[in-house]
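These notes concern the structure reproduced below.
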Amino acid sequence: MVTFLIRRLLFMVVTIVFISLISFVLIELPPGSALDAKIQQFRARGLNVTSDVVKGLEERYGVNDPLYKKYWKWASNAVVGDFGQSFFLDQPVNTLIGSRIWFSIGMSTAALLFAWCVAIPVGVYSATHRNTMPDYVITVLQFVGVAIPEFLLAIVLMFIASWYFGVEVGVLFSREYRDAPWSLGKLMDLLSHLWLPVIVIGTHSTSWLTRVMRANLLDVMGQQYVQTARSKGLGERVVIWKHAVRNALHPLIMALGGTLPALISGEVIVSIVLNLPTTGPLYVQALINKDMYLAITFLLFLSVLLVVGNLLADMALAWVDPRVRLE
């Protein structure tokens with residue numbers, strides 16, 4: 001197991017390096033630069049931008065530096081935790097992301113737990129009650145959950161929560177807790193507002209995982225070892241949950257690797273619609289303004305989530321199926 005883990009960690013490091021290189025090049029490909037957006041910002045404020053000011057900004061931000069020099073400058077500092085300065089917002093990238101990232105991670109983790117906690121029991125129930133009315137209802141809800149766009153679901157739930165339940169939407173904290181220090185009351189207030197984005201983000205994953213769980217469990221229940229367990233006189237609950245479900249979880253565990261960045265991507269849309277102070281809107285703004293260091297740090301963050309998700313999936317799969325450790 002140790003050799004398995006070390007090999008995966010080495011693959012993670014190499015993958016992140018290559019992804020950072022490719023991402024850095026892609027950000028530089030479109031015409032223009034963050035300096036152009038900065039100059040437009042100054043002119044919108046009525047400021048006179050002379051050639052000397054432009055030259056000073058070019059030297060400050062290294063806009064005309066070669067691509068390899070820009071990358072080395074960012075990568076060498078990123079190793080020690082310094083991700084550079086945001087061109088457009090003129091603040092350290094660490095400060096900008098650090099003030100929002102924990103909300104994104106907490107919201108996405110809650111959505112992931114919601115998806116798995118709902119998908120597994122509902123998928124098992126649907127598979128064990130095949131071709132019944134509850135199974136048909138679950139199937140219809142699954143297709144609706146996969147098909148409905150997240151922004152539309154967010155708007156509908158915002159209306160329902162505000163109109164029928166009187167819940168304040170578009171914020172993560174009530175007015176009295178927004179500037180208050182962290183306490184148990186502030187945490188409970190956060191949880192009372194968190195359910196709406198969690199449901200919106202987790203609906204698509206829940207519907208898809210439920211379909212996968214149902215289909216795979218139906219396939220596993222036809223295997224000979226399941227029939228043998230029944231012939232030994234084991235109860236149906238033991239046969240299903242101890243023998244069948246454990247092997248039916250393989251596709252869900254393998255899909256875990258791509259779930260974390262997918263949830264962050266969904267969080268971007270939901271945060272813009274719900275006006276939440278997470279990393280999503282900031283990431284979109286960085287791409288629009290070609291804010292290089294801010295955008296590349298976000299891409300690196302998503303890449304790390306992808307490889308960490310794959311590592312967790314590999315470890316969970318090795319725990320569920322010992323044969324994986326021998327690969």
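Each chain of the structure tokens is named A, B, ... in the order shown, its residues numbered from 1; ligands are numbered from 1 in display order.
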Could you find all residues in stretch 136-312 of chain A that DSSP calls helix (DSSP H, G or I) from the backbone, and write them as JSON, numbers by chain?
{"A": [136, 137, 138, 139, 140, 141, 142, 143, 144, 145, 146, 147, 150, 151, 152, 153, 154, 155, 156, 157, 158, 159, 160, 161, 162, 163, 175, 176, 177, 184, 185, 186, 187, 188, 189, 190, 191, 192, 193, 194, 195, 196, 197, 198, 199, 200, 201, 202, 203, 204, 205, 206, 207, 208, 209, 210, 211, 212, 213, 214, 215, 216, 217, 218, 219, 220, 224, 225, 226, 227, 228, 229, 230, 231, 236, 237, 238, 239, 240, 241, 242, 243, 244, 245, 246, 247, 248, 250, 251, 252, 253, 254, 255, 256, 257, 258, 259, 260, 261, 262, 263, 264, 265, 266, 267, 268, 269, 270, 271, 272, 273, 274, 279, 280, 281, 282, 283, 284, 285, 286, 287, 288, 292, 293, 294, 295, 296, 297, 298, 299, 300, 301, 302, 303, 304, 305, 306, 307, 308, 309, 310, 311, 312]}
Work out how far atom CA of A:Pro251 is from atom CA of A:Ser207, in Å to one decimal.
14.5 Å
Tell me, in Å to one decimal, how far atom CA of A:Val13 is from atom CA of A:Leu26.
20.2 Å
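Residue nearest A:Asp82 within the list A:Ile155, A:Ile97, A:Leu113, A:Leu305: A:Ile97 [criterion: smallest interatomic distance, only C-alpha atoms].
Closest to A:Gln91 among A:Leu294, A:Val14, A:Leu218, A:Val239 is A:Leu294, based on only C-alpha atoms.
Minimum atom-to-atom distances from A:His204, A:Gln223, A:Trp182, A:Trp116 to A:Leu141 were compared using only C-alpha atoms, and the lowest value belongs to A:His204.
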Near stretch 307-313 of chain A, counting only C-alpha atoms, which residues have an atom at most 6 Å away, once you skip same-chain residues fewer than 4 positions from it, shown as an MDAnalysis selection string?
chainID A and resid 12 253:254 256:257 317
Create the file for the chosen residues now, containing N, CA and C atoms and written as a PDB file, in the first residue's frame.
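Here's the written file part_10.pdb:
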ATOM      1  N   MET A  12       1.187  12.704  -9.195  1.00  0.00           N
ATOM      2  CA  MET A  12       0.500  13.957  -8.899  1.00  0.00           C
ATOM      3  C   MET A  12       1.402  15.158  -9.174  1.00  0.00           C
ATOM      4  N   ILE A 253     -16.685   5.344  -6.893  1.00  0.00           N
ATOM      5  CA  ILE A 253     -15.387   5.720  -6.332  1.00  0.00           C
ATOM      6  C   ILE A 253     -14.456   6.218  -7.431  1.00  0.00           C
ATOM      7  N   MET A 254     -14.453   5.549  -8.578  1.00  0.00           N
ATOM      8  CA  MET A 254     -13.598   5.987  -9.685  1.00  0.00           C
ATOM      9  C   MET A 254     -14.020   7.360 -10.202  1.00  0.00           C
ATOM     10  N   LEU A 256     -15.068   9.708  -8.368  1.00  0.00           N
ATOM     11  CA  LEU A 256     -14.789  10.707  -7.337  1.00  0.00           C
ATOM     12  C   LEU A 256     -13.679  11.654  -7.758  1.00  0.00           C
ATOM     13  N   GLY A 257     -12.720  11.151  -8.551  1.00  0.00           N
ATOM     14  CA  GLY A 257     -11.599  11.983  -8.961  1.00  0.00           C
ATOM     15  C   GLY A 257     -12.013  13.216  -9.736  1.00  0.00           C
ATOM     16  N   LEU A 317     -10.584   3.005  -3.578  1.00  0.00           N
ATOM     17  CA  LEU A 317     -10.770   1.803  -4.382  1.00  0.00           C
ATOM     18  C   LEU A 317      -9.856   0.677  -3.905  1.00  0.00           C
TER      19      LEU A 317
END
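Residues within 8 Å of A:Thr203, counting only C-alpha atoms and excluding same-chain residues fewer than 5 positions away, are Ala115, Gly145 and Val146 of chain A.
Of the listed residues (A:Met133, A:Ala110, A:Leu153, A:Leu190), A:Leu190 comes nearest to A:Arg178; the distances count only C-alpha atoms.
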